[in-house]
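Structure data (mmCIF, C-alpha atoms) from data_20.cif:
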```cif
data_work
#
loop_
_atom_site.label_atom_id
_atom_site.label_comp_id
_atom_site.auth_asym_id
_atom_site.auth_seq_id
_atom_site.Cartn_x
_atom_site.Cartn_y
_atom_site.Cartn_z
CA MET A 1 -12.10 5.77 10.40
CA HIS A 2 -8.33 5.17 10.39
CA VAL A 3 -6.00 6.45 7.69
CA ILE A 4 -3.28 4.01 6.64
CA PHE A 5 -0.28 4.48 4.37
CA VAL A 6 1.60 1.52 2.93
CA LEU A 7 5.14 2.39 1.86
CA ILE A 8 6.37 -0.04 -0.77
CA ASN A 9 9.81 -0.95 -2.10
CA THR A 10 9.79 -2.56 -5.53
CA LYS A 11 12.24 -4.29 -7.80
CA PRO A 12 14.03 -1.85 -10.13
CA GLY A 13 11.80 -0.55 -12.90
CA LYS A 14 8.57 -1.85 -11.36
CA ALA A 15 7.30 1.19 -9.43
CA PHE A 16 4.75 2.42 -11.98
CA GLU A 17 3.43 -1.08 -12.67
CA VAL A 18 3.11 -1.84 -8.95
CA ALA A 19 1.39 1.51 -8.26
CA LYS A 20 -1.15 0.80 -10.99
CA LYS A 21 -1.91 -2.69 -9.65
CA VAL A 22 -2.09 -1.52 -6.02
CA SER A 23 -4.52 1.25 -6.97
CA LYS A 24 -6.95 -1.42 -8.24
CA ILE A 25 -7.13 -3.21 -4.87
CA GLU A 26 -10.46 -2.73 -3.14
CA LYS A 27 -10.37 0.01 -0.45
CA VAL A 28 -7.20 1.63 -1.83
CA LYS A 29 -7.97 5.32 -2.31
CA ALA A 30 -4.73 6.11 -4.18
CA ALA A 31 -1.31 4.68 -5.00
CA TYR A 32 1.57 6.71 -6.40
CA ALA A 33 5.08 5.99 -7.66
CA VAL A 34 7.28 8.41 -5.69
CA THR A 35 10.88 9.50 -5.26
CA GLY A 36 12.84 8.91 -2.07
CA PRO A 37 13.45 5.83 0.07
CA TYR A 38 10.21 4.15 -1.07
CA ASP A 39 9.05 3.49 -4.63
CA VAL A 40 5.27 3.50 -4.11
CA ILE A 41 3.00 4.98 -1.46
CA ALA A 42 -0.56 3.69 -1.15
CA TYR A 43 -3.35 5.18 0.95
CA PHE A 44 -6.50 3.57 2.30
CA GLU A 45 -8.98 3.98 5.14
CA ALA A 46 -10.11 1.26 7.52
CA GLU A 47 -12.63 0.74 10.29
CA GLU A 48 -10.60 -2.10 11.82
CA PRO A 49 -6.99 -1.07 11.18
CA ILE A 50 -5.18 -4.20 12.37
CA ALA A 51 -7.37 -6.69 10.50
CA ASP A 52 -7.59 -4.50 7.40
CA VAL A 53 -3.85 -3.81 7.31
CA LYS A 54 -3.13 -7.53 7.45
CA LYS A 55 -5.46 -8.20 4.51
CA MET A 56 -4.22 -5.23 2.49
CA VAL A 57 -0.53 -5.96 2.97
CA SER A 58 -1.09 -9.61 2.04
CA LYS A 59 -2.72 -8.51 -1.24
CA ILE A 60 0.09 -6.05 -1.95
CA HIS A 61 2.76 -8.69 -1.38
CA GLU A 62 1.09 -10.90 -4.02
CA ILE A 63 1.91 -8.31 -6.70
CA ASP A 64 4.90 -9.13 -8.88
CA GLY A 65 7.70 -6.64 -8.26
CA VAL A 66 6.94 -5.89 -4.60
CA GLU A 67 9.97 -6.51 -2.40
CA ARG A 68 8.87 -5.19 1.02
CA THR A 69 6.42 -2.87 2.72
CA SER A 70 6.23 -0.64 5.74
CA THR A 71 2.88 0.45 7.15
CA ALA A 72 2.03 3.72 8.88
CA ILE A 73 -1.30 4.29 10.64
CA ALA A 74 -2.06 8.01 10.99
CA VAL A 75 -2.51 9.21 14.56
CA HIS A 76 -5.39 11.65 15.06
#
```
Is it possible to express this structure as structure tokens?
Amino acid sequence: MHVIFVLINTKPGKAFEVAKKVSKIEKVKAAYAVTGPYDVIAYFEAEEPIADVKKMVSKIHEIDGVERTSTAIAVH
């Protein structure tokens, strides 16, 4: 199982709304509005990281308020 973090930048004032919507996406374990260079951090696990990341990021980009994402796959 691979652990994946999606770091999300949102439009101003949209972090909490985006975090709530991202947390409802299937396979997402958690999504939080955070301080720092990113506005939201989401966490999920995947058997097939490349295919699953592509699907997950596509779903995240459909959410109103999302400007860009960066993905980090944890190295074990």
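A cut-off of 10 Å from the point (6.2, 4.3, -14.0), with all atoms listed in the file, picks out the residues A:Gly13, A:Lys14, A:Ala15, A:Phe16, A:Glu17, A:Val18, A:Ala19, A:Lys20, A:Tyr32, A:Ala33, A:Val34, A:Asp39, A:Val40.
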Using the selection just defined, write its residues with C-alpha atoms as a PDB file, in the coordinates of the input.
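Saved the output as part_16.pdb:
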```pdb
ATOM      1  CA  GLY A  13      11.800  -0.550 -12.900  1.00  0.00           C
ATOM      2  CA  LYS A  14       8.570  -1.850 -11.360  1.00  0.00           C
ATOM      3  CA  ALA A  15       7.300   1.190  -9.430  1.00  0.00           C
ATOM      4  CA  PHE A  16       4.750   2.420 -11.980  1.00  0.00           C
ATOM      5  CA  GLU A  17       3.430  -1.080 -12.670  1.00  0.00           C
ATOM      6  CA  VAL A  18       3.110  -1.840  -8.950  1.00  0.00           C
ATOM      7  CA  ALA A  19       1.390   1.510  -8.260  1.00  0.00           C
ATOM      8  CA  LYS A  20      -1.150   0.800 -10.990  1.00  0.00           C
ATOM      9  CA  TYR A  32       1.570   6.710  -6.400  1.00  0.00           C
ATOM     10  CA  ALA A  33       5.080   5.990  -7.660  1.00  0.00           C
ATOM     11  CA  VAL A  34       7.280   8.410  -5.690  1.00  0.00           C
ATOM     12  CA  ASP A  39       9.050   3.490  -4.630  1.00  0.00           C
ATOM     13  CA  VAL A  40       5.270   3.500  -4.110  1.00  0.00           C
TER      14      VAL A  40
END
```
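The space separating atom CA of A:Lys11 from atom CA of A:Thr69 comes to 12.1 Å.
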Atom CA of A:Tyr38 and atom CA of A:Asn9, how far apart in Å? 5.2 Å
Out of A:Glu67, A:Ala72, A:Ile4, A:Glu47, which residue has the shortest atom-to-atom distance to A:Lys29 when counting only C-alpha atoms? A:Ile4
Of the residues A:Ile25, A:Val57, A:Ala74, A:Val3, which is the one nearest to A:Tyr43, using all atoms listed in the file? A:Val3
Using the chain letters and numbering of this document, enumerate as a ChimeraX atom specification the residues selected by the PyMOL selection byres ((chain A and resi 53) around 12). /A:2-6,27-28,42-52,54-61,69-73
